[in-house]
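Contents: one structure, followed by commentary.
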Amino acid sequence: MVPEAAFSSYYGKPVLKKPTWKPLDIAGYLYLGGLAGASSLLAAGGQVTGRPGLAAPAKLAAAGAVSLSLAALVHDLGRPARFLNMLRVLKPTSPMSVGSWLLAGYAPLTLTAATTQVAGRYRLLGSAATAASAVLGPAVATYTAVLLSDTAVPSWHEGYRELPFVFAGSAATAASGLALATAPAAQAGPARRLAVLGAALELGAFRAMKRRMGLTAEPFEQGRPHRLLRAAEALTAGGAALALCRGRDRRVAVAAGAALLTGSAALRFGVFHAGVASAEDPKYTVVPQRERLAGRGG
């Protein structure tokens, strides 16, 4: 009997070239895009339900977050022309192409909504821009999950089923956190409810994703990603619990908002670093491939 060969790689070298994206730029881009997209939904909801104290800061948050998100993306690309080059064609099968066009349409809408809010003029135009940005908001908040999952990076690719739901929940907690910290308590009811729903979706989907992924979930449980993701879980759960406190104490609302905002950021950075770690270790690429081949052969 020939013993089963042990796993090895060529001189221990990675099979994949690890992502060269700058962590602060790209993880920040993931986080700010989610914050912007979900804030647009809160802005539209506040506008429709007669909560100006909720709608106004949410409009400003959406415009500011998407502007910073684009700045982070362009900074990582190196030149603004590289972003513009992605708009030369629309390729529906490319998440990067679709995302570029999505941002190109979404950003002007949020800036229009915020500008008319600050100016106090052209309210009809502002209302239309707010509604349109809310339509695009869910896609802006989640398309980056599809973008990561479409790569060959093991811990991103194998999470393709649940990662959009994880990012949707994370976006909801970030937007509700900012709203809780800025909106009057009497008008923050939708933000409180969104915080609880977002936290449940984020934490539940992330745990389900790790259970299904098997070996490729290991990078989420090791080193820096593990510390970030544990902090994200504690902050998100704690922030949601504080959001349920319906008192008028601004300190509680601000604490809840800060916890939710920080927890959402920690999740995005944790997912980013876990993906990089999985690309550096060849076993996360080769072993799942062998398992799939063995399953097909059986």
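Identifiers in this document derive from the order of the structure tokens: chains are assigned A, B, ..., residues are numbered from 1 separately in each chain, and ligands are numbered from 1 in order of occurrence.
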
Surrounding residues of segment 146-163 of chain A excluding itself and chain neighbours under 6 positions, 7 Å, only C-alpha atoms, as a ChimeraX atom specification: /A:95-96,205,209,213,216-217,274-275,278-279,284-285

Selection to disk with N, CA and C atoms, as an mmCIF file, in the first residue's frame:
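part03.cif was written with the following content:
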data_model
loop_
_atom_site.group_PDB
_atom_site.id
_atom_site.type_symbol
_atom_site.label_atom_id
_atom_site.label_comp_id
_atom_site.auth_asym_id
_atom_site.auth_seq_id
_atom_site.Cartn_x
_atom_site.Cartn_y
_atom_site.Cartn_z
ATOM 1 N N PRO A 95 -18.110 42.458 -11.951
ATOM 2 C CA PRO A 95 -18.538 43.256 -10.800
ATOM 3 C C PRO A 95 -17.838 44.610 -10.722
ATOM 4 N N MET A 96 -16.572 44.682 -11.143
ATOM 5 C CA MET A 96 -15.855 45.951 -11.113
ATOM 6 C C MET A 96 -16.464 46.948 -12.093
ATOM 7 N N ALA A 205 -25.493 35.762 9.388
ATOM 8 C CA ALA A 205 -24.966 35.368 8.080
ATOM 9 C C ALA A 205 -23.477 35.045 8.155
ATOM 10 N N MET A 209 -21.835 31.510 7.185
ATOM 11 C CA MET A 209 -20.803 31.474 6.155
ATOM 12 C C MET A 209 -19.589 30.687 6.631
ATOM 13 N N MET A 213 -18.038 27.179 4.942
ATOM 14 C CA MET A 213 -16.777 27.301 4.209
ATOM 15 C C MET A 213 -15.749 26.230 4.565
ATOM 16 N N THR A 216 -11.456 26.933 4.522
ATOM 17 C CA THR A 216 -11.166 28.305 4.127
ATOM 18 C C THR A 216 -11.704 29.334 5.125
ATOM 19 N N ALA A 217 -12.419 28.868 6.144
ATOM 20 C CA ALA A 217 -12.849 29.785 7.208
ATOM 21 C C ALA A 217 -11.766 29.971 8.262
ATOM 22 N N ALA A 274 -8.330 38.710 6.371
ATOM 23 C CA ALA A 274 -8.468 37.256 6.295
ATOM 24 C C ALA A 274 -8.295 36.775 4.858
ATOM 25 N N GLY A 275 -8.823 37.520 3.910
ATOM 26 C CA GLY A 275 -8.646 37.142 2.516
ATOM 27 C C GLY A 275 -7.191 37.174 2.092
ATOM 28 N N SER A 278 -5.424 34.162 3.476
ATOM 29 C CA SER A 278 -5.758 32.911 2.782
ATOM 30 C C SER A 278 -5.032 32.791 1.449
ATOM 31 N N ALA A 279 -4.741 33.914 0.810
ATOM 32 C CA ALA A 279 -4.002 33.867 -0.458
ATOM 33 C C ALA A 279 -2.530 33.558 -0.236
ATOM 34 N N TYR A 284 -5.005 26.695 1.440
ATOM 35 C CA TYR A 284 -6.382 27.142 1.291
ATOM 36 C C TYR A 284 -6.831 27.152 -0.162
ATOM 37 N N THR A 285 -5.879 27.093 -1.075
ATOM 38 C CA THR A 285 -6.211 26.995 -2.490
ATOM 39 C C THR A 285 -6.267 25.546 -2.950
#

Residues near Gly46 of chain A, cut-off 10 Å, only C-alpha atoms, skip fewer than 4 positions along chain, as a ChimeraX atom specification: /A:40-42,50-56,58-59,187-191

Expected answer as a list of chain:residue names: alpha helix (DSSP H) residues in segment 16-49 of chain A: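 Put together, the selection reads A:Pro23, A:Leu24, A:Asp25, A:Ile26, A:Ala27, A:Gly28, A:Tyr29, A:Leu30, A:Tyr31, A:Leu32, A:Gly33, A:Gly34, A:Leu35, A:Ala36, A:Gly37, A:Ala38, A:Ser39, A:Ser40, A:Leu41, A:Leu42, A:Ala43, A:Ala44, A:Gly45, A:Gly46, A:Gln47, A:Val48.
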
Find the residues around segment 13-23 of chain A up to 6 Å (only C-alpha atoms counted), leave out those fewer than 2 positions away in its own chain, and share them as a PDB file with all heavy atoms, in the first residue's frame.
ATOM      1  N   TYR A  10       5.154  23.967  -4.017  1.00  0.00           N
ATOM      2  CA  TYR A  10       6.473  24.129  -4.604  1.00  0.00           C
ATOM      3  C   TYR A  10       7.322  25.033  -3.718  1.00  0.00           C
ATOM      4  O   TYR A  10       7.144  26.252  -3.701  1.00  0.00           O
ATOM      5  CB  TYR A  10       6.337  24.713  -6.013  1.00  0.00           C
ATOM      6  CG  TYR A  10       7.641  24.793  -6.774  1.00  0.00           C
ATOM      7  CD1 TYR A  10       8.241  23.647  -7.274  1.00  0.00           C
ATOM      8  CD2 TYR A  10       8.263  26.022  -6.990  1.00  0.00           C
ATOM      9  CE1 TYR A  10       9.428  23.714  -7.983  1.00  0.00           C
ATOM     10  CE2 TYR A  10       9.453  26.107  -7.693  1.00  0.00           C
ATOM     11  CZ  TYR A  10      10.037  24.946  -8.185  1.00  0.00           C
ATOM     12  OH  TYR A  10      11.218  25.013  -8.888  1.00  0.00           O
ATOM     13  N   TYR A  11       8.235  24.411  -2.943  1.00  0.00           N
ATOM     14  CA  TYR A  11       9.090  25.141  -2.011  1.00  0.00           C
ATOM     15  C   TYR A  11       8.285  26.001  -1.033  1.00  0.00           C
ATOM     16  O   TYR A  11       8.755  27.044  -0.558  1.00  0.00           O
ATOM     17  CB  TYR A  11      10.102  26.007  -2.756  1.00  0.00           C
ATOM     18  CG  TYR A  11      11.165  25.219  -3.473  1.00  0.00           C
ATOM     19  CD1 TYR A  11      11.154  25.105  -4.857  1.00  0.00           C
ATOM     20  CD2 TYR A  11      12.169  24.564  -2.759  1.00  0.00           C
ATOM     21  CE1 TYR A  11      12.131  24.360  -5.521  1.00  0.00           C
ATOM     22  CE2 TYR A  11      13.138  23.823  -3.411  1.00  0.00           C
ATOM     23  CZ  TYR A  11      13.116  23.720  -4.785  1.00  0.00           C
ATOM     24  OH  TYR A  11      14.070  22.986  -5.429  1.00  0.00           O
ATOM     25  N   ASP A  25      -7.019  51.846   2.152  1.00  0.00           N
ATOM     26  CA  ASP A  25      -7.812  52.326   1.018  1.00  0.00           C
ATOM     27  C   ASP A  25      -8.971  51.397   0.711  1.00  0.00           C
ATOM     28  O   ASP A  25     -10.133  51.827   0.621  1.00  0.00           O
ATOM     29  CB  ASP A  25      -6.935  52.476  -0.223  1.00  0.00           C
ATOM     30  CG  ASP A  25      -6.038  53.699  -0.164  1.00  0.00           C
ATOM     31  OD1 ASP A  25      -6.332  54.607   0.630  1.00  0.00           O
ATOM     32  OD2 ASP A  25      -5.039  53.743  -0.897  1.00  0.00           O
ATOM     33  N   ILE A  26      -8.677  50.111   0.521  1.00  0.00           N
ATOM     34  CA  ILE A  26      -9.707  49.211   0.029  1.00  0.00           C
ATOM     35  C   ILE A  26     -10.664  48.765   1.128  1.00  0.00           C
ATOM     36  O   ILE A  26     -11.882  48.723   0.925  1.00  0.00           O
ATOM     37  CB  ILE A  26      -9.070  48.000  -0.680  1.00  0.00           C
ATOM     38  CG1 ILE A  26      -8.280  48.483  -1.893  1.00  0.00           C
ATOM     39  CG2 ILE A  26     -10.135  47.009  -1.109  1.00  0.00           C
ATOM     40  CD1 ILE A  26      -9.081  49.321  -2.881  1.00  0.00           C
ATOM     41  N   ALA A  27     -10.148  48.441   2.319  1.00  0.00           N
ATOM     42  CA  ALA A  27     -11.061  48.114   3.415  1.00  0.00           C
ATOM     43  C   ALA A  27     -11.906  49.339   3.772  1.00  0.00           C
ATOM     44  O   ALA A  27     -13.098  49.224   4.082  1.00  0.00           O
ATOM     45  CB  ALA A  27     -10.289  47.620   4.628  1.00  0.00           C
ATOM     46  N   VAL A 276      -6.473  38.208   2.502  1.00  0.00           N
ATOM     47  CA  VAL A 276      -5.051  38.307   2.171  1.00  0.00           C
ATOM     48  C   VAL A 276      -4.290  37.133   2.776  1.00  0.00           C
ATOM     49  O   VAL A 276      -3.439  36.510   2.120  1.00  0.00           O
ATOM     50  CB  VAL A 276      -4.471  39.644   2.665  1.00  0.00           C
ATOM     51  CG1 VAL A 276      -2.962  39.682   2.469  1.00  0.00           C
ATOM     52  CG2 VAL A 276      -5.124  40.819   1.924  1.00  0.00           C
ATOM     53  N   ALA A 279      -4.741  33.914   0.810  1.00  0.00           N
ATOM     54  CA  ALA A 279      -4.002  33.867  -0.458  1.00  0.00           C
ATOM     55  C   ALA A 279      -2.530  33.558  -0.236  1.00  0.00           C
ATOM     56  O   ALA A 279      -1.867  32.997  -1.120  1.00  0.00           O
ATOM     57  CB  ALA A 279      -4.156  35.195  -1.198  1.00  0.00           C
ATOM     58  N   GLU A 280      -2.016  33.893   0.945  1.00  0.00           N
ATOM     59  CA  GLU A 280      -0.596  33.669   1.226  1.00  0.00           C
ATOM     60  C   GLU A 280      -0.286  32.205   1.540  1.00  0.00           C
ATOM     61  O   GLU A 280       0.844  31.752   1.350  1.00  0.00           O
ATOM     62  CB  GLU A 280      -0.162  34.549   2.389  1.00  0.00           C
ATOM     63  CG  GLU A 280      -0.143  36.034   2.058  1.00  0.00           C
ATOM     64  CD  GLU A 280       0.197  36.892   3.259  1.00  0.00           C
ATOM     65  OE1 GLU A 280      -0.185  36.523   4.387  1.00  0.00           O
ATOM     66  OE2 GLU A 280       0.844  37.934   3.079  1.00  0.00           O
ATOM     67  N   ASP A 281      -1.260  31.452   2.027  1.00  0.00           N
ATOM     68  CA  ASP A 281      -1.041  30.046   2.396  1.00  0.00           C
ATOM     69  C   ASP A 281      -1.608  29.143   1.304  1.00  0.00           C
ATOM     70  O   ASP A 281      -2.820  29.132   1.072  1.00  0.00           O
ATOM     71  CB  ASP A 281      -1.731  29.749   3.730  1.00  0.00           C
ATOM     72  CG  ASP A 281      -1.303  28.406   4.306  1.00  0.00           C
ATOM     73  OD1 ASP A 281      -0.962  27.506   3.524  1.00  0.00           O
ATOM     74  OD2 ASP A 281      -1.305  28.278   5.540  1.00  0.00           O
ATOM     75  N   PRO A 282      -0.776  28.351   0.629  1.00  0.00           N
ATOM     76  CA  PRO A 282      -1.256  27.554  -0.505  1.00  0.00           C
ATOM     77  C   PRO A 282      -2.269  26.487  -0.143  1.00  0.00           C
ATOM     78  O   PRO A 282      -3.035  26.052  -1.003  1.00  0.00           O
ATOM     79  CB  PRO A 282       0.031  26.927  -1.053  1.00  0.00           C
ATOM     80  CG  PRO A 282       1.011  26.984   0.062  1.00  0.00           C
ATOM     81  CD  PRO A 282       0.677  28.210   0.837  1.00  0.00           C
TER      82      PRO A 282
END

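Closest approach to Thr144 of chain A among A:Gly99, A:Gly120, A:Gly270, A:Gly78 is made by A:Gly99 (distances from only C-alpha atoms).
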
Pick from A:Ala185, A:Ala174, A:Ser100, A:Leu87, whichever lies nearest to Ala62 of chain A using only C-alpha atoms: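 Between A:Ala185, A:Ala174, A:Ser100, A:Leu87, the residue approaching Ala62 of chain A most closely is A:Ala174.
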
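Take the candidates A:Leu109, A:Ala186, A:Ala114, A:Ala65 and check each one against Ala38 of chain A using only C-alpha atoms; the shortest distance goes to A:Ala65.
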
Of the listed residues A:Gly37, A:Gly64, A:Gly214, A:Gly198, that which approaches Ser133 of chain A most closely, counting only C-alpha atoms: A:Gly37

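Here atom CA of Leu125 of chain A stands at a distance of 24.3 Å from atom CA of Gly34 of chain A.
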
Ala259 of chain A environment, 6 Å, only C-alpha atoms, sequence neighbours closer than 3 positions dropped, as a list of chain:residue names: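 Once the adjacent positions are removed, what remains is A:Leu235, A:Gly239, A:Ala256, A:Thr262, A:Gly263.
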